file coords-v3.txt (compact mmCIF, C-alpha atoms)
# COMPACT_ATOMS: atom_id res chain seq x y z
CA MET A 1 90.78 33.89 -34.00
CA GLN A 2 87.42 34.83 -32.42
CA ARG A 3 85.15 31.88 -31.46
CA GLU A 4 81.57 31.79 -32.83
CA THR A 5 78.79 32.40 -30.17
CA PRO A 6 76.38 29.40 -29.77
CA PHE A 7 72.90 30.01 -31.12
CA TRP A 8 71.23 29.33 -27.79
CA ARG A 9 73.16 32.30 -26.33
CA THR A 10 72.03 34.70 -28.97
CA SER A 11 69.18 37.21 -28.65
CA PRO A 12 67.08 35.66 -31.44
CA PHE A 13 67.01 32.35 -29.55
CA TRP A 14 65.70 33.89 -26.38
CA LEU A 15 63.22 35.92 -28.33
CA LEU A 16 61.96 32.71 -29.96
CA MET A 17 61.70 30.99 -26.58
CA ALA A 18 59.79 33.93 -25.16
CA ILE A 19 57.36 33.81 -28.07
CA LEU A 20 56.84 30.05 -27.60
CA ALA A 21 56.27 30.52 -23.86
CA LEU A 22 53.77 33.25 -24.56
CA VAL A 23 51.93 31.07 -27.06
CA ALA A 24 51.84 28.17 -24.56
CA ALA A 25 50.52 30.49 -21.86
CA LEU A 26 47.83 31.81 -24.15
CA ILE A 27 46.77 28.29 -25.11
CA TYR A 28 46.64 27.24 -21.45
CA LEU A 29 44.65 30.29 -20.43
CA GLY A 30 42.33 29.81 -23.39
CA ASN A 31 41.63 26.23 -22.38
CA ARG A 32 41.07 27.25 -18.79
CA TYR A 33 38.69 29.99 -19.86
CA ARG A 34 36.84 27.56 -22.10
CA ASP A 35 36.55 25.01 -19.27
CA VAL A 36 35.27 27.63 -16.89
CA THR A 37 32.84 28.95 -19.47
CA VAL A 38 31.59 25.49 -20.33
CA GLY A 39 31.24 24.72 -16.61
CA MET A 40 29.27 27.89 -16.06
CA GLU A 41 26.98 26.87 -18.91
CA ILE A 42 26.58 23.19 -17.93
CA VAL A 43 26.21 23.37 -14.15
CA PRO A 44 22.97 25.42 -14.12
CA LYS A 45 21.46 23.14 -16.76
CA VAL A 46 22.40 20.04 -14.80
CA MET A 47 21.04 21.49 -11.57
CA SER A 48 17.83 22.37 -13.40
CA ARG A 49 17.49 18.81 -14.69
CA LYS A 50 18.14 17.42 -11.22
CA ALA A 51 15.54 19.72 -9.72
CA ALA A 52 13.01 18.77 -12.41
CA ALA A 53 13.56 15.03 -11.86
CA LEU A 54 13.26 15.50 -8.11
CA SER A 55 10.07 17.54 -8.44
CA ALA A 56 8.52 14.98 -10.78
CA MET A 57 9.40 12.20 -8.37
CA LYS A 58 7.81 13.99 -5.41
CA MET A 59 4.62 14.61 -7.39
CA SER A 60 4.45 10.95 -8.43
CA ILE A 61 4.91 9.82 -4.83
CA VAL A 62 2.02 12.03 -3.72
CA LYS A 63 -0.19 10.59 -6.48
CA SER A 64 0.82 7.04 -5.55
CA VAL A 65 0.05 7.56 -1.87
CA GLU A 66 -3.32 9.21 -2.57
CA ALA A 67 -4.38 6.42 -4.94
CA GLU A 68 -3.24 3.82 -2.42
CA LYS A 69 -5.41 5.40 0.27
CA SER A 70 -8.35 5.36 -2.12
CA ALA A 71 -7.73 1.67 -2.81
CA VAL A 72 -7.77 0.97 0.93
CA MET A 73 -11.01 2.89 1.49
CA ALA A 74 -12.85 1.71 -1.66
CA ASN A 75 -16.23 0.05 -1.23
CA THR A 76 -16.00 -2.32 -4.19
CA ASP A 77 -13.42 -4.72 -5.62
CA GLU A 78 -13.53 -2.83 -8.92
CA ASP A 79 -12.68 0.49 -7.28
CA SER A 80 -9.95 -1.10 -5.15
CA ILE A 81 -8.32 -2.63 -8.22
CA ARG A 82 -8.62 0.59 -10.22
CA PHE A 83 -7.06 2.73 -7.50
CA ALA A 84 -4.36 0.13 -6.87
CA GLU A 85 -3.39 0.26 -10.55
CA GLU A 86 -3.28 4.06 -10.41
CA SER A 87 -1.03 3.84 -7.37
CA ARG A 88 1.31 1.39 -9.11
CA ARG A 89 1.55 3.55 -12.24
CA ALA A 90 2.41 6.59 -10.14
CA PHE A 91 4.98 4.53 -8.25
CA GLU A 92 6.59 3.43 -11.52
CA ALA A 93 6.73 7.07 -12.64
CA ALA A 94 8.49 7.94 -9.38
CA GLU A 95 10.96 5.09 -9.98
CA LYS A 96 11.70 6.45 -13.46
CA SER A 97 12.38 9.94 -12.11
CA LEU A 98 14.55 8.45 -9.38
CA ARG A 99 16.69 6.62 -11.96
CA GLU A 100 17.08 9.83 -13.95
CA LEU A 101 18.10 11.73 -10.83
CA ALA A 102 20.58 9.01 -9.82
CA GLU A 103 22.19 9.12 -13.27
CA LEU A 104 22.56 12.90 -13.11
CA ILE A 105 24.10 12.75 -9.64
CA ALA A 106 26.48 10.00 -10.76
CA THR A 107 27.55 12.03 -13.82
CA TYR A 108 27.75 15.37 -12.01
CA PRO A 109 28.30 14.33 -8.40
CA SER A 110 28.53 16.21 -5.15
CA VAL A 111 29.16 14.65 -1.75
CA PRO A 112 25.94 15.89 -0.07
CA GLU A 113 23.80 14.78 -3.01
CA LYS A 114 25.40 11.32 -3.15
CA GLU A 115 24.99 10.81 0.60
CA LEU A 116 21.35 11.94 0.59
CA LEU A 117 20.56 9.79 -2.46
CA GLN A 118 22.04 6.76 -0.70
CA GLU A 119 19.96 7.52 2.38
CA PHE A 120 16.86 7.89 0.23
CA ASP A 121 17.50 4.57 -1.53
CA SER A 122 17.29 2.78 1.81
CA CYS A 123 14.04 4.56 2.72
CA TRP A 124 12.63 3.98 -0.75
CA SER A 125 13.24 0.25 -0.42
CA GLU A 126 11.09 0.20 2.73
CA PHE A 127 8.47 2.36 0.99
CA ARG A 128 8.32 -0.15 -1.88
CA LYS A 129 7.81 -3.11 0.48
CA ALA A 130 5.08 -1.36 2.46
CA ASP A 131 3.37 -0.18 -0.70
CA GLN A 132 3.23 -3.70 -2.14
CA GLN A 133 1.78 -5.09 1.08
CA VAL A 134 -0.88 -2.39 1.40
CA LEU A 135 -2.08 -2.78 -2.19
CA GLU A 136 -1.99 -6.56 -2.03
CA PHE A 137 -4.26 -6.52 1.02
CA ALA A 138 -6.46 -3.70 -0.27
CA VAL A 139 -7.57 -5.46 -3.46
CA GLN A 140 -8.54 -8.66 -1.59
CA ASN A 141 -11.25 -6.88 0.41
CA THR A 142 -11.95 -9.91 2.62
CA ASN A 143 -13.57 -7.95 5.44
CA LEU A 144 -15.79 -6.15 2.97
CA LYS A 145 -16.73 -9.44 1.31
CA ALA A 146 -17.50 -10.98 4.71
CA ALA A 147 -19.75 -8.06 5.62
CA ARG A 148 -21.62 -8.24 2.33
CA LEU A 149 -22.15 -11.97 2.72
CA SER A 150 -23.34 -11.54 6.31
CA PHE A 151 -25.85 -8.82 5.43
CA GLY A 152 -26.82 -10.47 2.17
CA ALA A 153 -27.06 -14.22 1.63
CA ALA A 154 -26.57 -15.12 5.31
CA SER A 155 -29.34 -12.73 6.32
CA THR A 156 -31.65 -14.21 3.70
CA ALA A 157 -30.95 -17.73 4.96
CA MET A 158 -31.62 -16.58 8.52
CA ASN A 159 -34.99 -15.14 7.48
CA GLU A 160 -35.89 -18.41 5.74
CA PHE A 161 -34.92 -20.32 8.88
CA GLY A 162 -37.11 -18.11 11.06
CA HIS A 163 -40.01 -18.40 8.62
CA ALA A 164 -39.75 -22.21 8.62
CA LEU A 165 -39.65 -22.33 12.42
CA SER A 166 -42.74 -20.13 12.56
CA GLY A 167 -44.52 -22.73 10.39
CA LEU A 168 -44.10 -25.22 13.21
CA LEU A 169 -46.10 -23.12 15.63
CA SER A 170 -49.83 -23.20 15.99
CA ASP A 171 -52.43 -23.09 18.73
CA SER A 172 -52.03 -26.82 19.16
CA THR A 173 -48.23 -26.80 19.40
CA SER A 174 -47.04 -28.20 22.70
CA GLY A 175 -45.16 -26.10 25.21
CA PRO A 176 -41.89 -28.04 24.89
CA VAL A 177 -41.86 -27.61 21.11
CA CYS A 178 -42.53 -23.88 21.47
CA ARG A 179 -39.61 -23.55 23.85
CA LEU A 180 -37.33 -25.50 21.46
CA VAL A 181 -38.36 -23.27 18.54
CA TYR A 182 -37.65 -20.21 20.66
CA ASP A 183 -34.26 -21.58 21.75
CA ALA A 184 -33.26 -22.46 18.18
CA GLN A 185 -34.25 -19.08 16.76
CA THR A 186 -32.61 -17.12 19.60
CA ALA A 187 -29.32 -19.04 19.31
CA ALA A 188 -29.26 -18.68 15.51
CA LEU A 189 -29.88 -14.94 15.76
CA GLY A 190 -27.06 -14.80 18.30
CA ILE A 191 -24.73 -16.34 15.73
CA HIS A 192 -25.77 -13.80 13.11
CA LEU A 193 -25.19 -10.92 15.52
CA LEU A 194 -21.65 -12.21 16.19
CA HIS A 195 -20.69 -11.82 12.53
CA ALA A 196 -20.19 -8.06 12.82
CA PRO A 197 -17.79 -7.97 15.80
CA HIS A 198 -15.80 -10.82 14.24
CA ILE A 199 -15.47 -8.93 10.95
CA ALA A 200 -14.45 -5.75 12.75
CA SER A 201 -11.95 -7.37 15.13
CA PRO A 202 -8.21 -7.04 14.41
CA ASP A 203 -7.32 -9.39 17.27
CA ASP A 204 -6.94 -13.16 16.81
CA GLN A 205 -7.76 -13.94 20.43
CA GLU A 206 -10.93 -11.87 20.27
CA MET A 207 -11.96 -13.70 17.12
CA ASP A 208 -11.25 -17.02 18.85
CA ASP A 209 -13.60 -16.05 21.68
CA ILE A 210 -16.32 -15.02 19.22
CA GLU A 211 -16.01 -18.29 17.31
CA LYS A 212 -16.29 -20.19 20.58
CA LEU A 213 -19.63 -18.47 21.25
CA ILE A 214 -20.75 -19.25 17.71
CA ARG A 215 -19.98 -22.96 18.20
CA GLN A 216 -21.90 -22.95 21.48
CA ASN A 217 -24.94 -21.36 19.86
CA ASP A 218 -24.66 -23.73 16.92
CA ALA A 219 -24.79 -26.70 19.33
CA VAL A 220 -27.95 -25.26 20.91
CA VAL A 221 -29.65 -24.84 17.53
CA ARG A 222 -28.77 -28.31 16.26
CA LYS A 223 -29.87 -30.04 19.47
CA ALA A 224 -33.14 -28.09 19.39
CA LEU A 225 -33.77 -29.10 15.77
CA VAL A 226 -33.16 -32.76 16.58
CA ASP A 227 -35.55 -32.59 19.54
CA ILE A 228 -38.16 -30.73 17.47
CA ARG A 229 -38.09 -33.37 14.75
CA ARG A 230 -38.57 -36.06 17.38
CA MET A 231 -41.50 -34.31 19.10
CA ILE A 232 -43.58 -32.85 16.25
CA VAL A 233 -46.39 -34.60 14.45
CA PRO A 234 -45.57 -36.25 11.09
CA ALA A 235 -47.43 -33.56 9.15
CA ASN A 236 -44.89 -30.94 10.28
CA ARG A 237 -41.75 -32.90 9.45
CA LYS A 238 -41.48 -31.37 5.97
CA VAL A 239 -41.44 -27.89 7.52
CA ALA A 240 -38.85 -29.07 10.02
CA ARG A 241 -36.63 -30.27 7.15
CA GLN A 242 -37.00 -26.86 5.48
CA ALA A 243 -35.87 -25.22 8.71
CA GLU A 244 -32.87 -27.54 8.92
CA ALA A 245 -31.92 -26.86 5.27
CA ALA A 246 -32.17 -23.10 5.81
CA TYR A 247 -30.03 -23.32 8.92
CA ASP A 248 -27.42 -25.47 7.15
CA ALA A 249 -27.21 -22.85 4.39
CA PHE A 250 -26.89 -20.10 6.99
CA MET A 251 -24.02 -21.92 8.72
CA GLU A 252 -22.24 -22.48 5.40
CA PHE A 253 -22.39 -18.72 4.84
CA THR A 254 -21.25 -18.21 8.44
CA ASP A 255 -18.19 -20.41 7.87
CA ARG A 256 -17.28 -18.36 4.80
CA VAL A 257 -17.82 -15.12 6.68
CA LEU A 258 -15.45 -16.27 9.42
CA GLU A 259 -12.87 -17.45 6.88
CA TRP A 260 -12.82 -14.11 5.06
CA SER A 261 -12.95 -12.19 8.30
CA ARG A 262 -9.93 -14.10 9.62
CA GLN A 263 -7.82 -12.86 6.71
CA ASN A 264 -8.51 -9.28 7.80
CA THR A 265 -7.06 -7.79 4.63
CA ASN A 266 -9.05 -4.55 4.85
CA ILE A 267 -8.04 -4.00 8.45
CA LYS A 268 -4.41 -4.91 7.71
CA SER A 269 -4.23 -2.61 4.70
CA PHE A 270 -5.79 0.23 6.69
CA GLU A 271 -3.38 -0.22 9.62
CA LEU A 272 -0.36 -0.48 7.30
CA SER A 273 -1.42 2.61 5.38
CA LEU A 274 -2.18 4.62 8.50
CA ASN A 275 0.90 3.62 10.49
CA ARG A 276 3.94 2.08 8.84
CA LYS A 277 3.38 3.44 5.33
CA ARG A 278 2.65 6.95 6.61
CA LYS A 279 5.84 7.02 8.69
CA ILE A 280 8.01 5.71 5.85
CA THR A 281 6.47 8.22 3.44
CA ALA A 282 7.25 11.06 5.84
CA GLN A 283 10.87 9.89 6.16
CA CYS A 284 11.30 9.70 2.39
CA GLU A 285 9.78 13.15 1.91
CA GLU A 286 12.10 14.60 4.54
CA ILE A 287 15.16 13.19 2.76
CA LEU A 288 13.92 14.49 -0.60
CA THR A 289 13.46 17.95 0.90
CA LYS A 290 17.09 17.93 2.08
CA LEU A 291 18.22 16.71 -1.33
CA GLN A 292 16.24 19.47 -2.99
CA GLU A 293 17.90 22.04 -0.74
CA ALA A 294 21.34 20.63 -1.58
CA ILE A 295 20.62 20.87 -5.32
CA GLN A 296 19.26 24.41 -5.03
CA SER A 297 22.25 25.49 -2.96
CA ARG A 298 24.68 24.16 -5.54
CA ALA A 299 22.75 25.76 -8.38
CA PHE A 300 22.84 29.12 -6.56
CA LYS A 301 26.62 28.91 -6.11
CA ALA A 302 27.10 28.01 -9.77
CA THR A 303 25.25 31.11 -10.96
CA ARG A 304 26.83 33.64 -8.60
call {"tool": "encode", "arguments": {"input": "coords-v3.txt", "output": "structure tokens"}}
result
Amino acid sequence: MQRETPFWRTSPFWLLMAILALVAALIYLGNRYRDVTVGMEIVPKVMSRKAAALSAMKMSIVKSVEAEKSAVMANTDEDSIRFAEESRRAFEAAEKSLRELAELIATYPSVPEKELLQEFDSCWSEFRKADQQVLEFAVQNTNLKAARLSFGAASTAMNEFGHALSGLLSDSTSGPVCRLVYDAQTAALGIHLLHAPHIASPDDQEMDDIEKLIRQNDAVVRKALVDIRRMIVPANRKVARQAEAAYDAFMEFTDRVLEWSRQNTNIKSFELSLNRKRKITAQCEEILTKLQEAIQSRAFKATR
């Protein structure tokens, strides 16, 4: 009796297996083709979005830096505040573009892009700190306020003091009183002239030396006024009191000038902007240029 051949040894079985293998191969190749096709479609779009976010960020940084410089150089508080706000808005726009770029790189990563983004994050953190310091100093304008006070109200008080001292002089004024009036006016003018170098000085020791001279001159003026009051005739004592009041007002303005000048916010903002901020900005721009080149290189390879 002849044994029956198992089905798996028959030709139809192998034909069926061959058909199934062919179908599986076609499905696999179809999926691979679809993945490649989808990749070819997505990669250029992603690279374009990365490049756009990067370009927008660079433009916003330029706007922020330019507005910050304008805030530092502004002649009024209003202009300083307005430019500072412009700088902050541009900085926030740069931050937004940076977040978009970071999300794209995280979703569609490459090693060079991730490394450069990490390097930029560190530089950007320093940029943020310097930017906040510059703008904080710029809007305070203490040196500018000191200069305006010196050339404004303090100058007016000095003129009133000189006018009152002149009222003490006449043909009958004694020689000692004339000398005291001269000494008082000369020392007071010396104080006024010391305002400018104090306002312009970035050095604490130099400002200390200037304030020492101011105190010395102040002592000369006050001693002269006391001696004048003691030596003049009673009819001139009212004029002497006017001179003393004008000088007291002048010295109050002087104290405020020195206080504002000591803060040196205009000088500090200028130095920060010119030195530290400029260097950090250059470093950040260099990293962004490398990142842009990395993105463009990858986009070129994807479209070849």
call {"tool": "closest_residue", "arguments": {"input": "coords-v3.txt", "among": "A:Asn141, A:Thr156, A:Ser150, A:Asn275", "to": "Ser80 in chain A", "atoms": "all atoms listed in the file"}}
result
A:Asn141
call {"tool": "atom_distance", "arguments": {"input": "coords-v3.txt", "atom1": "CA of Arg49 in chain A", "atom2": "CA of Lys63 in chain A"}}
result
21.2 Å
call {"tool": "residues_near_point", "arguments": {"input": "coords-v3.txt", "point": "(12.5, 7.0, -11.7)", "cutoff": "12 Å", "atoms": "all atoms listed in the file", "output": "MDAnalysis selection string"}}
result
chainID A and resid 50 52:61 89:104 121 124
call {"tool": "closest_residue", "arguments": {"input": "coords-v3.txt", "among": "A:Lys129, A:His195, A:Lys114, A:Lys145", "to": "Met251 in chain A", "atoms": "all atoms listed in the file"}}
result
A:His195
call {"tool": "closest_residue", "arguments": {"input": "coords-v3.txt", "among": "A:Ile105, A:Ile81, A:Leu168, A:Val65", "to": "Ala235 in chain A", "atoms": "all atoms listed in the file"}}
result
A:Leu168
call {"tool": "residues_around", "arguments": {"input": "coords-v3.txt", "residues": "Leu189 in chain A", "least_positions_apart": "3", "cutoff": "10 Å", "atoms": "all atoms listed in the file", "output": "list in words"}}
result
Ser155, Met158, Asn159, Gly162, Asp183, Ala184, Gln185, Thr186, His192, Leu193, Leu194 and Asn217 of chain A
call {"tool": "build_atoms", "arguments": {"input": "coords-v3.txt", "residues": "range 58-73 of chain A", "atoms": "N, CA and C atoms", "output": "JSON list (two decimals), in the frame of the given file"}}
result
[["chain", "number", "residue", "atom", "x", "y", "z"],
["A", 58, "LYS", "N", 8.63, 13.65, -6.57],
["A", 58, "LYS", "CA", 7.81, 13.99, -5.41],
["A", 58, "LYS", "C", 6.32, 14.02, -5.78],
["A", 59, "MET", "N", 6.01, 14.56, -6.95],
["A", 59, "MET", "CA", 4.62, 14.61, -7.39],
["A", 59, "MET", "C", 4.07, 13.20, -7.61],
["A", 60, "SER", "N", 4.89, 12.33, -8.18],
["A", 60, "SER", "CA", 4.45, 10.95, -8.43],
["A", 60, "SER", "C", 4.24, 10.20, -7.12],
["A", 61, "ILE", "N", 5.08, 10.46, -6.13],
["A", 61, "ILE", "CA", 4.91, 9.82, -4.83],
["A", 61, "ILE", "C", 3.60, 10.25, -4.19],
["A", 62, "VAL", "N", 3.29, 11.53, -4.27],
["A", 62, "VAL", "CA", 2.02, 12.03, -3.72],
["A", 62, "VAL", "C", 0.84, 11.35, -4.40],
["A", 63, "LYS", "N", 0.89, 11.24, -5.74],
["A", 63, "LYS", "CA", -0.19, 10.59, -6.48],
["A", 63, "LYS", "C", -0.32, 9.12, -6.08],
["A", 64, "SER", "N", 0.83, 8.46, -5.92],
["A", 64, "SER", "CA", 0.82, 7.04, -5.55],
["A", 64, "SER", "C", 0.20, 6.84, -4.18],
["A", 65, "VAL", "N", 0.57, 7.69, -3.23],
["A", 65, "VAL", "CA", 0.05, 7.56, -1.87],
["A", 65, "VAL", "C", -1.45, 7.85, -1.83],
["A", 66, "GLU", "N", -1.89, 8.88, -2.56],
["A", 66, "GLU", "CA", -3.32, 9.21, -2.57],
["A", 66, "GLU", "C", -4.14, 8.09, -3.20],
["A", 67, "ALA", "N", -3.66, 7.52, -4.30],
["A", 67, "ALA", "CA", -4.38, 6.42, -4.94],
["A", 67, "ALA", "C", -4.39, 5.18, -4.06],
["A", 68, "GLU", "N", -3.30, 4.96, -3.35],
["A", 68, "GLU", "CA", -3.24, 3.82, -2.42],
["A", 68, "GLU", "C", -4.27, 3.96, -1.31],
["A", 69, "LYS", "N", -4.41, 5.18, -0.77],
["A", 69, "LYS", "CA", -5.41, 5.40, 0.27],
["A", 69, "LYS", "C", -6.82, 5.17, -0.27],
["A", 70, "SER", "N", -7.05, 5.58, -1.50],
["A", 70, "SER", "CA", -8.35, 5.36, -2.12],
["A", 70, "SER", "C", -8.62, 3.88, -2.31],
["A", 71, "ALA", "N", -7.58, 3.12, -2.66],
["A", 71, "ALA", "CA", -7.73, 1.67, -2.81],
["A", 71, "ALA", "C", -8.10, 1.02, -1.48],
["A", 72, "VAL", "N", -7.50, 1.51, -0.41],
["A", 72, "VAL", "CA", -7.77, 0.97, 0.93],
["A", 72, "VAL", "C", -9.20, 1.27, 1.35],
["A", 73, "MET", "N", -9.70, 2.46, 1.03],
["A", 73, "MET", "CA", -11.01, 2.89, 1.49],
["A", 73, "MET", "C", -12.13, 2.56, 0.50]]
